[in-house]
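Take a look at the structure set out below.
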Amino acid sequence: MKNQLNHFKIFSIVAVVAILISCKETKKEEVEVQPKVGGMQKLQVSKNGHYFQTEDGKPFFWLGDTGWLTFKKLNRDEIKTYFADRKEKGYNVIQIMTLHSEEMASVYGDSALVNKDVSKPLITEGNNFENSNEYDFWDHVDYALDVAEENNLYLGMVPIWGTSVKAGKVNLEQSKAYATFLGDRFKNRKNIIWLNGGDTPGEQNKEIWNAIGEILHSKNPDWLITFHPFGRTDSSDNYHNENWLDFNMFQSGHRRYDQETEGRMFAQDNYRFIQTDFNLKPTKPTLDGEPSYEGIPQGLHDTLQPLWNDNDLRRYAYWSVFAGGAGFTYGNNHVMQMHENHTKPEAYGSKKYWLEALNDPGAKQMVYVKDLILKFPYFNRIPDESLVANQGKKYDYIAATRGEDYALLYTYNGRTISVNMGKLEGSEVKATWYNPRNGETLAIGTIKNEGVQGFDPHGEPEDGNDWVLIITSK
């Protein structure tokens with residue numbers, strides 16, 4: 001009898017396990033994943049077409065960071081560390097490659113695709129984030145999206161980096177199947193912004209990029225979508241009039257004035273991209289989605305060249321935002337590739353661990369441009385170079401923007417700023433210096449609002465002694 005009872009217990013346990021497995025398999029067929037749908041605000045284009053806002057109508061100033069290899073190189077704890085740090089420093093968008101290549105795998109060794117075929121994402125049962133052996137690459141992406149949401153961050157996700165498409169490893173039908181998968185899997189997510197393309201010439205493979213953009217737009221029309229182009233080019237060059245493209249993004253690139261040989265030939269004058277896009281019809285927001293990175297060689301490939309630094313990143317930020325940009329994306333050589341091991345070769349001469357580079361000077365200073373812009377009425381802000389009476393070229397360029405009762409002017413090298421007064425109401429105005437390196441202000445005083453007035457910044461004239469002149473109606 002005892003043996004019979006034992007056999008019965010064993011049979012019962014096996015039966016229960018079989019039923020559970022059966023139920024689990026049935027559930028998997030019904031829905032592959034249940035993404036977390038949280039309380040983050042959807043993003044929208046503002047009514048005037050130039051800026052972003054949340055769905056409740058509040059200003060959204062895009063402050064991005066390029067964490068391109070997050071899905072590939074960071075584990076769960078590192079994702080928490082990275083996102084928490086960027087939230088603390090004021091960032092609200094992290095730009096990431098979903099597929100760096102068709103060989104893409106997570107740090108846990110989970111491949112994203114079956115046989116490197118983008119039309120066949122590798123999906124396994126379960127998404128147990130407590131056990132890395134019980135979830136796949138796409139669950140890892142879901143986990144990152146959840147952590148981003150907890151930190152009120154939007155992920156600007158590149159579906160697939162342009163290199164694979166350019167090399168002919170992705171055809172039109174594969175791209176359609178892949179875009180359909182992405183659209184279905186993530187359709188309920190509010191904190192995704194799609195960056196179609198991925199460092200690739202916009203005039204090439206347009207059929208594929210348009211197909212991806214159209215499918216993603218059809219799956220969730222609330223998603224903001226743009227095209228991340230090749231260096232020194234702009235999404236507006238090829239896709240401005242496409243219905244799926246909600247805003248423009250350009251890559252001003254990593255070259256000095258004397259290194260520019262192709263593209264728009266704007267070199268370091270990233271504000272010129274904004275000036276072009278700002279006047280296009282239909283009106284769409286635009287921003288610099290990839291300027292020179294902090295800590296990367298000037299010109300990119302020659303590691304013996306000087307490195308771009310925090311001074312340069314501030315210049316790119318204020319020049320482009322004051323020209324009418326809807327935000328700005330910061331980049332860091334070591335963070336963008338998550339440099340973690342000196343025994344492994346890293347690109348572009350990276351020698352600093354990514355965790356250390358999180359606190360590079362420029363990374364901490366970007367919040368001050370966001371803070372400054374949000375101090376003033378947001379949606380009526382326009383670029384206005386006519387404020388500047390002594391405009392210069394290259395590093396002597398003075399960027400200027402204004403609203404109805406304020407004006408902001410930026411000098412990169414401590415030049416005297418000569419202002420054509422009378423743009424704001426009142427016989428007198430208030431003037432203040434704003435320090436882009438620490439966000440502190442220094443009062444100048446009350447100034448007559450007539451003629452041309454000169455303002456001398458603190459310190460000696462030199463590159464990196466940058467200041468913002470704030471003029472407000474009394």
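Just remember, in the structure tokens the first chain shown is A, the second B, etc., residues are 1-based per chain, and ligands are 1-based in the order shown.
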
Subject >> Nearby residues (only C-alpha atoms) at most 12 Å from A:Gln337, same-chain spacing under 6 positions excluded, as a PyMOL selection string >> reply: chain A and resi 65-74+95-97+100+293+296+331+345-355+357

Just to be explicit: take each residue in the selection above, keep N, CA and C atoms, and write the result as an mmCIF file, in the first residue's frame.
data_model
loop_
_atom_site.group_PDB
_atom_site.id
_atom_site.type_symbol
_atom_site.label_atom_id
_atom_site.label_comp_id
_atom_site.auth_asym_id
_atom_site.auth_seq_id
_atom_site.Cartn_x
_atom_site.Cartn_y
_atom_site.Cartn_z
ATOM 1 N N ASP A 65 21.749 61.467 -24.160
ATOM 2 C CA ASP A 65 23.092 60.906 -24.014
ATOM 3 C C ASP A 65 23.201 59.713 -24.952
ATOM 4 N N THR A 66 24.383 59.522 -25.544
ATOM 5 C CA THR A 66 24.587 58.380 -26.438
ATOM 6 C C THR A 66 25.135 57.199 -25.647
ATOM 7 N N GLY A 67 24.251 56.307 -25.276
ATOM 8 C CA GLY A 67 24.633 55.054 -24.619
ATOM 9 C C GLY A 67 24.471 53.907 -25.592
ATOM 10 N N TRP A 68 25.090 54.040 -26.765
ATOM 11 C CA TRP A 68 24.808 53.177 -27.906
ATOM 12 C C TRP A 68 24.815 51.681 -27.583
ATOM 13 N N LEU A 69 25.796 51.207 -26.799
ATOM 14 C CA LEU A 69 25.957 49.759 -26.606
ATOM 15 C C LEU A 69 25.368 49.249 -25.291
ATOM 16 N N THR A 70 24.410 49.974 -24.747
ATOM 17 C CA THR A 70 23.786 49.580 -23.481
ATOM 18 C C THR A 70 23.235 48.163 -23.518
ATOM 19 N N PHE A 71 22.454 47.816 -24.537
ATOM 20 C CA PHE A 71 21.823 46.498 -24.600
ATOM 21 C C PHE A 71 22.851 45.385 -24.775
ATOM 22 N N LYS A 72 23.977 45.714 -25.369
ATOM 23 C CA LYS A 72 24.992 44.698 -25.675
ATOM 24 C C LYS A 72 25.954 44.452 -24.520
ATOM 25 N N LYS A 73 26.342 45.517 -23.796
ATOM 26 C CA LYS A 73 27.469 45.396 -22.882
ATOM 27 C C LYS A 73 27.146 45.572 -21.404
ATOM 28 N N LEU A 74 25.967 46.052 -21.074
ATOM 29 C CA LEU A 74 25.642 46.273 -19.668
ATOM 30 C C LEU A 74 24.741 45.176 -19.127
ATOM 31 N N GLN A 95 20.105 57.391 -26.078
ATOM 32 C CA GLN A 95 20.103 56.857 -27.435
ATOM 33 C C GLN A 95 20.880 55.538 -27.465
ATOM 34 N N ILE A 96 20.219 54.478 -27.959
ATOM 35 C CA ILE A 96 20.761 53.122 -27.879
ATOM 36 C C ILE A 96 20.540 52.384 -29.199
ATOM 37 N N MET A 97 21.530 51.567 -29.595
ATOM 38 C CA MET A 97 21.352 50.659 -30.719
ATOM 39 C C MET A 97 20.573 49.435 -30.235
ATOM 40 N N HIS A 100 23.130 46.307 -32.790
ATOM 41 C CA HIS A 100 24.390 46.882 -33.265
ATOM 42 C C HIS A 100 24.789 46.247 -34.580
ATOM 43 N N TYR A 293 32.143 63.921 -29.585
ATOM 44 C CA TYR A 293 32.073 63.360 -28.233
ATOM 45 C C TYR A 293 33.171 63.924 -27.336
ATOM 46 N N ILE A 296 36.980 62.158 -27.403
ATOM 47 C CA ILE A 296 37.243 61.444 -28.655
ATOM 48 C C ILE A 296 38.208 62.270 -29.506
ATOM 49 N N GLY A 331 27.553 63.443 -26.033
ATOM 50 C CA GLY A 331 28.202 62.161 -26.279
ATOM 51 C C GLY A 331 29.541 62.080 -25.580
ATOM 52 N N PRO A 345 40.535 45.567 -27.013
ATOM 53 C CA PRO A 345 40.662 46.790 -27.818
ATOM 54 C C PRO A 345 39.361 47.558 -27.885
ATOM 55 N N GLU A 346 39.419 48.862 -27.723
ATOM 56 C CA GLU A 346 38.250 49.722 -27.833
ATOM 57 C C GLU A 346 38.487 50.747 -28.932
ATOM 58 N N ALA A 347 37.419 51.231 -29.490
ATOM 59 C CA ALA A 347 37.519 52.140 -30.627
ATOM 60 C C ALA A 347 37.950 53.535 -30.200
ATOM 61 N N TYR A 348 38.557 54.251 -31.131
ATOM 62 C CA TYR A 348 38.853 55.675 -31.008
ATOM 63 C C TYR A 348 39.715 56.012 -29.794
ATOM 64 N N GLY A 349 40.631 55.100 -29.471
ATOM 65 C CA GLY A 349 41.600 55.382 -28.421
ATOM 66 C C GLY A 349 41.040 55.454 -27.017
ATOM 67 N N SER A 350 39.876 54.856 -26.774
ATOM 68 C CA SER A 350 39.267 54.929 -25.444
ATOM 69 C C SER A 350 40.138 54.213 -24.409
ATOM 70 N N LYS A 351 40.439 54.919 -23.323
ATOM 71 C CA LYS A 351 41.268 54.359 -22.260
ATOM 72 C C LYS A 351 40.632 54.509 -20.876
ATOM 73 N N LYS A 352 39.488 55.108 -20.803
ATOM 74 C CA LYS A 352 38.848 55.365 -19.511
ATOM 75 C C LYS A 352 37.626 54.466 -19.338
ATOM 76 N N TYR A 353 37.485 53.903 -18.144
ATOM 77 C CA TYR A 353 36.314 53.076 -17.871
ATOM 78 C C TYR A 353 35.047 53.933 -17.935
ATOM 79 N N TRP A 354 33.970 53.333 -18.460
ATOM 80 C CA TRP A 354 32.729 54.088 -18.661
ATOM 81 C C TRP A 354 32.159 54.617 -17.345
ATOM 82 N N LEU A 355 32.301 53.844 -16.268
ATOM 83 C CA LEU A 355 31.785 54.299 -14.974
ATOM 84 C C LEU A 355 32.472 55.579 -14.517
ATOM 85 N N ALA A 357 33.921 57.724 -16.602
ATOM 86 C CA ALA A 357 33.600 58.762 -17.579
ATOM 87 C C ALA A 357 32.210 59.353 -17.382
#

Subject >> helix (DSSP H, G or I) positions in stretch 313-411 of chain A, given as a PyMOL selection string >> reply: chain A and resi 313-322+333-336+347-349+354-357+361-365+367-374+385-387+394-396

Please dump the current selection as a short mmCIF file (atom, residue, chain, number, x, y, z; two decimals), in the first residue's frame; keep N, CA and C atoms.
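New file selection-v7.cif:
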data_model
loop_
_atom_site.label_atom_id
_atom_site.label_comp_id
_atom_site.auth_asym_id
_atom_site.auth_seq_id
_atom_site.Cartn_x
_atom_site.Cartn_y
_atom_site.Cartn_z
N LEU A 313 31.74 70.62 -26.15
CA LEU A 313 30.36 70.15 -26.01
C LEU A 313 29.42 71.28 -25.60
N ARG A 314 29.89 72.17 -24.73
CA ARG A 314 29.05 73.32 -24.36
C ARG A 314 28.79 74.20 -25.59
N ARG A 315 29.83 74.41 -26.36
CA ARG A 315 29.67 75.26 -27.56
C ARG A 315 28.64 74.66 -28.51
N TYR A 316 28.75 73.36 -28.76
CA TYR A 316 27.77 72.72 -29.64
C TYR A 316 26.35 72.83 -29.07
N ALA A 317 26.22 72.67 -27.78
CA ALA A 317 24.90 72.72 -27.16
C ALA A 317 24.27 74.10 -27.31
N TYR A 318 24.98 75.13 -26.88
CA TYR A 318 24.39 76.48 -26.89
C TYR A 318 24.23 77.00 -28.31
N TRP A 319 25.18 76.73 -29.18
CA TRP A 319 25.04 77.18 -30.56
C TRP A 319 23.78 76.59 -31.19
N SER A 320 23.57 75.30 -31.05
CA SER A 320 22.44 74.65 -31.74
C SER A 320 21.10 74.97 -31.09
N VAL A 321 21.07 75.00 -29.76
CA VAL A 321 19.80 75.29 -29.07
C VAL A 321 19.38 76.73 -29.31
N PHE A 322 20.31 77.67 -29.24
CA PHE A 322 19.96 79.07 -29.46
C PHE A 322 19.56 79.32 -30.91
N ASN A 333 33.06 59.50 -25.52
CA ASN A 333 33.75 58.40 -26.19
C ASN A 333 33.70 57.11 -25.39
N HIS A 334 33.90 57.19 -24.09
CA HIS A 334 34.02 56.00 -23.26
C HIS A 334 32.65 55.45 -22.85
N VAL A 335 31.68 56.34 -22.68
CA VAL A 335 30.34 55.91 -22.29
C VAL A 335 29.59 55.33 -23.48
N MET A 336 29.74 55.93 -24.64
CA MET A 336 28.95 55.47 -25.79
C MET A 336 29.29 54.02 -26.15
N ALA A 347 37.42 51.23 -29.49
CA ALA A 347 37.52 52.14 -30.63
C ALA A 347 37.95 53.54 -30.20
N TYR A 348 38.56 54.25 -31.13
CA TYR A 348 38.85 55.67 -31.01
C TYR A 348 39.71 56.01 -29.79
N GLY A 349 40.63 55.10 -29.47
CA GLY A 349 41.60 55.38 -28.42
C GLY A 349 41.04 55.45 -27.02
N TRP A 354 33.97 53.33 -18.46
CA TRP A 354 32.73 54.09 -18.66
C TRP A 354 32.16 54.62 -17.35
N LEU A 355 32.30 53.84 -16.27
CA LEU A 355 31.79 54.30 -14.97
C LEU A 355 32.47 55.58 -14.52
N GLU A 356 33.77 55.67 -14.75
CA GLU A 356 34.51 56.88 -14.41
C GLU A 356 34.11 58.03 -15.31
N ALA A 357 33.92 57.72 -16.60
CA ALA A 357 33.60 58.76 -17.58
C ALA A 357 32.21 59.35 -17.38
N PRO A 361 33.62 66.24 -17.07
CA PRO A 361 33.08 67.61 -16.88
C PRO A 361 31.88 67.93 -17.76
N GLY A 362 31.98 67.62 -19.05
CA GLY A 362 30.89 67.95 -19.96
C GLY A 362 29.60 67.24 -19.62
N ALA A 363 29.71 66.00 -19.14
CA ALA A 363 28.52 65.23 -18.79
C ALA A 363 27.72 65.91 -17.69
N LYS A 364 28.42 66.56 -16.77
CA LYS A 364 27.77 67.23 -15.65
C LYS A 364 27.28 68.64 -16.01
N GLN A 365 27.79 69.20 -17.09
CA GLN A 365 27.47 70.59 -17.44
C GLN A 365 26.27 70.73 -18.37
N VAL A 367 23.25 69.84 -18.18
CA VAL A 367 21.96 70.18 -17.57
C VAL A 367 21.75 71.69 -17.50
N TYR A 368 22.85 72.46 -17.54
CA TYR A 368 22.70 73.90 -17.37
C TYR A 368 22.06 74.57 -18.58
N VAL A 369 22.25 74.01 -19.77
CA VAL A 369 21.56 74.59 -20.93
C VAL A 369 20.06 74.27 -20.83
N LYS A 370 19.74 73.09 -20.39
CA LYS A 370 18.33 72.72 -20.19
C LYS A 370 17.69 73.60 -19.13
N ASP A 371 18.37 73.76 -18.00
CA ASP A 371 17.84 74.59 -16.92
C ASP A 371 17.60 76.02 -17.38
N LEU A 372 18.54 76.55 -18.14
CA LEU A 372 18.42 77.93 -18.60
C LEU A 372 17.22 78.11 -19.52
N ILE A 373 17.08 77.25 -20.50
CA ILE A 373 15.99 77.38 -21.46
C ILE A 373 14.63 77.26 -20.77
N LEU A 374 14.55 76.38 -19.78
CA LEU A 374 13.27 76.15 -19.12
C LEU A 374 12.92 77.22 -18.09
N GLU A 385 19.50 86.30 -34.70
CA GLU A 385 20.87 86.80 -34.84
C GLU A 385 20.92 88.32 -34.97
N SER A 386 19.78 88.95 -35.29
CA SER A 386 19.79 90.41 -35.44
C SER A 386 20.05 91.12 -34.12
N LEU A 387 20.00 90.39 -33.02
CA LEU A 387 20.36 90.97 -31.73
C LEU A 387 21.85 91.31 -31.66
N LYS A 394 33.36 81.35 -37.04
CA LYS A 394 34.00 80.25 -36.33
C LYS A 394 33.85 80.44 -34.82
N TYR A 395 34.92 80.39 -34.06
CA TYR A 395 34.79 80.46 -32.61
C TYR A 395 34.34 81.83 -32.11
N ASP A 396 34.37 82.82 -32.98
CA ASP A 396 33.89 84.16 -32.60
C ASP A 396 32.39 84.32 -32.81
#

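Residues with any atom within 12 Å of A:Pro377, counting only C-alpha atoms and excluding same-chain neighbours fewer than 5 positions away, are Lys58, Pro59, Leu372, Ile382, Arg402, Gly403, Glu404, Asp405, Tyr406, Ala407 and Thr472 of chain A.
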
**OP:** Go through stretch 73-299 of chain A and collect every residue that DSSP, computed from the backbone, puts in strand (DSSP E); the answer should be as a PyMOL selection string.
**Re:** chain A and resi 93-99+113-114+117-121+154-160+192-200+224-229+233-234+248-251+286-288

N, CA and C atoms of the current selection, written as a short mmCIF file (atom, residue, chain, number, x, y, z; two decimals), in the first residue's frame:
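part-v6.cif, written as the output of this step:
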data_model
loop_
_atom_site.label_atom_id
_atom_site.label_comp_id
_atom_site.auth_asym_id
_atom_site.auth_seq_id
_atom_site.Cartn_x
_atom_site.Cartn_y
_atom_site.Cartn_z
N VAL A 93 16.70 61.51 -22.26
CA VAL A 93 16.70 60.59 -23.40
C VAL A 93 18.05 59.87 -23.45
N ILE A 94 18.01 58.56 -23.62
CA ILE A 94 19.23 57.77 -23.83
C ILE A 94 19.13 57.13 -25.21
N GLN A 95 20.11 57.39 -26.08
CA GLN A 95 20.10 56.86 -27.44
C GLN A 95 20.88 55.54 -27.46
N ILE A 96 20.22 54.48 -27.96
CA ILE A 96 20.76 53.12 -27.88
C ILE A 96 20.54 52.38 -29.20
N MET A 97 21.53 51.57 -29.59
CA MET A 97 21.35 50.66 -30.72
C MET A 97 20.57 49.44 -30.24
N THR A 98 19.44 49.15 -30.85
CA THR A 98 18.75 47.91 -30.53
C THR A 98 19.56 46.73 -31.05
N LEU A 99 19.85 46.76 -32.34
CA LEU A 99 20.77 45.79 -32.93
C LEU A 99 22.01 46.53 -33.43
N LEU A 113 18.93 37.26 -32.59
CA LEU A 113 18.34 36.74 -33.82
C LEU A 113 18.64 35.26 -34.00
N VAL A 114 17.81 34.61 -34.81
CA VAL A 114 18.06 33.24 -35.22
C VAL A 114 18.91 33.27 -36.48
N ASP A 117 19.45 36.44 -38.78
CA ASP A 117 18.38 36.85 -39.69
C ASP A 117 17.46 37.83 -38.95
N VAL A 118 17.45 39.11 -39.36
CA VAL A 118 16.66 40.12 -38.63
C VAL A 118 15.16 39.86 -38.72
N SER A 119 14.74 39.03 -39.65
CA SER A 119 13.32 38.71 -39.74
C SER A 119 12.92 37.63 -38.74
N LYS A 120 13.93 37.09 -38.00
CA LYS A 120 13.66 36.01 -37.05
C LYS A 120 14.25 36.32 -35.68
N PRO A 121 13.64 37.22 -34.93
CA PRO A 121 14.10 37.47 -33.56
C PRO A 121 14.04 36.19 -32.73
N TYR A 154 13.35 58.39 -21.51
CA TYR A 154 12.91 57.86 -22.79
C TYR A 154 14.12 57.23 -23.48
N LEU A 155 13.91 56.09 -24.15
CA LEU A 155 14.99 55.45 -24.88
C LEU A 155 14.81 55.73 -26.37
N GLY A 156 15.80 56.41 -26.95
CA GLY A 156 15.83 56.62 -28.39
C GLY A 156 16.49 55.41 -29.03
N MET A 157 15.68 54.49 -29.53
CA MET A 157 16.18 53.19 -29.97
C MET A 157 16.35 53.15 -31.49
N VAL A 158 17.57 52.81 -31.94
CA VAL A 158 17.84 52.58 -33.35
C VAL A 158 17.47 51.13 -33.65
N PRO A 159 16.50 50.86 -34.53
CA PRO A 159 16.10 49.46 -34.79
C PRO A 159 17.28 48.57 -35.16
N ILE A 160 18.05 48.99 -36.18
CA ILE A 160 19.26 48.28 -36.56
C ILE A 160 20.25 49.28 -37.12
N ILE A 192 9.46 55.03 -25.65
CA ILE A 192 10.31 54.75 -26.80
C ILE A 192 10.22 55.88 -27.80
N ILE A 193 11.38 56.30 -28.30
CA ILE A 193 11.49 57.18 -29.46
C ILE A 193 12.31 56.40 -30.48
N TRP A 194 11.84 56.27 -31.70
CA TRP A 194 12.57 55.48 -32.69
C TRP A 194 13.51 56.36 -33.50
N LEU A 195 14.77 55.93 -33.57
CA LEU A 195 15.78 56.58 -34.39
C LEU A 195 16.07 55.66 -35.57
N ASN A 196 15.29 55.79 -36.59
CA ASN A 196 15.45 54.96 -37.79
C ASN A 196 16.83 55.24 -38.41
N GLY A 197 17.32 54.31 -39.20
CA GLY A 197 18.63 54.54 -39.83
C GLY A 197 19.75 54.06 -38.95
N GLY A 198 20.61 54.97 -38.54
CA GLY A 198 21.73 54.60 -37.68
C GLY A 198 23.06 54.84 -38.35
N ASP A 199 23.50 56.12 -38.35
CA ASP A 199 24.82 56.48 -38.88
C ASP A 199 25.02 55.96 -40.29
N THR A 200 24.07 56.27 -41.16
CA THR A 200 24.10 55.74 -42.51
C THR A 200 23.65 56.81 -43.51
N LEU A 224 7.28 59.05 -31.36
CA LEU A 224 8.06 59.98 -32.16
C LEU A 224 9.13 59.20 -32.93
N ILE A 225 9.30 59.54 -34.20
CA ILE A 225 10.25 58.82 -35.05
C ILE A 225 11.07 59.83 -35.84
N THR A 226 12.38 59.57 -35.93
CA THR A 226 13.25 60.36 -36.78
C THR A 226 14.21 59.43 -37.50
N PHE A 227 15.19 60.01 -38.18
CA PHE A 227 16.22 59.25 -38.89
C PHE A 227 17.58 59.73 -38.40
N HIS A 228 18.39 58.80 -37.90
CA HIS A 228 19.74 59.14 -37.44
C HIS A 228 20.70 58.96 -38.61
N PRO A 229 21.24 60.07 -39.15
CA PRO A 229 21.98 60.00 -40.40
C PRO A 229 23.49 59.86 -40.21
N THR A 233 25.52 65.05 -42.01
CA THR A 233 24.30 65.09 -42.81
C THR A 233 23.10 65.15 -41.87
N ASP A 234 21.92 65.30 -42.47
CA ASP A 234 20.69 65.60 -41.71
C ASP A 234 19.56 64.72 -42.23
N ASN A 248 13.44 66.22 -37.12
CA ASN A 248 14.73 66.04 -37.78
C ASN A 248 15.86 65.87 -36.78
N MET A 249 16.83 65.09 -37.18
CA MET A 249 18.04 64.89 -36.39
C MET A 249 19.23 64.93 -37.33
N PHE A 250 20.27 65.63 -36.92
CA PHE A 250 21.49 65.63 -37.72
C PHE A 250 22.65 65.17 -36.86
N GLN A 251 23.70 64.71 -37.53
CA GLN A 251 24.94 64.33 -36.87
C GLN A 251 26.01 65.32 -37.31
N THR A 286 13.98 70.03 -34.70
CA THR A 286 15.28 69.53 -35.14
C THR A 286 16.28 69.65 -34.00
N LEU A 287 17.28 68.78 -34.00
CA LEU A 287 18.32 68.85 -32.97
C LEU A 287 19.57 68.11 -33.43
N ASP A 288 20.69 68.43 -32.76
CA ASP A 288 21.96 67.76 -33.01
C ASP A 288 21.96 66.46 -32.21
#

Subject >> Spatial neighbours of A:Phe137, 6 Å, only C-alpha atoms, chain gap at least 5 places, as number ranges by chain >> reply: A: 106, 110, 112

**OP:** For A:Leu63, please output as a ChimeraX atom specification all residues within 6 Å (counting only C-alpha atoms; exclusion window: fewer than 5 positions along the same chain).
**Re:** /A:91-92,327-329
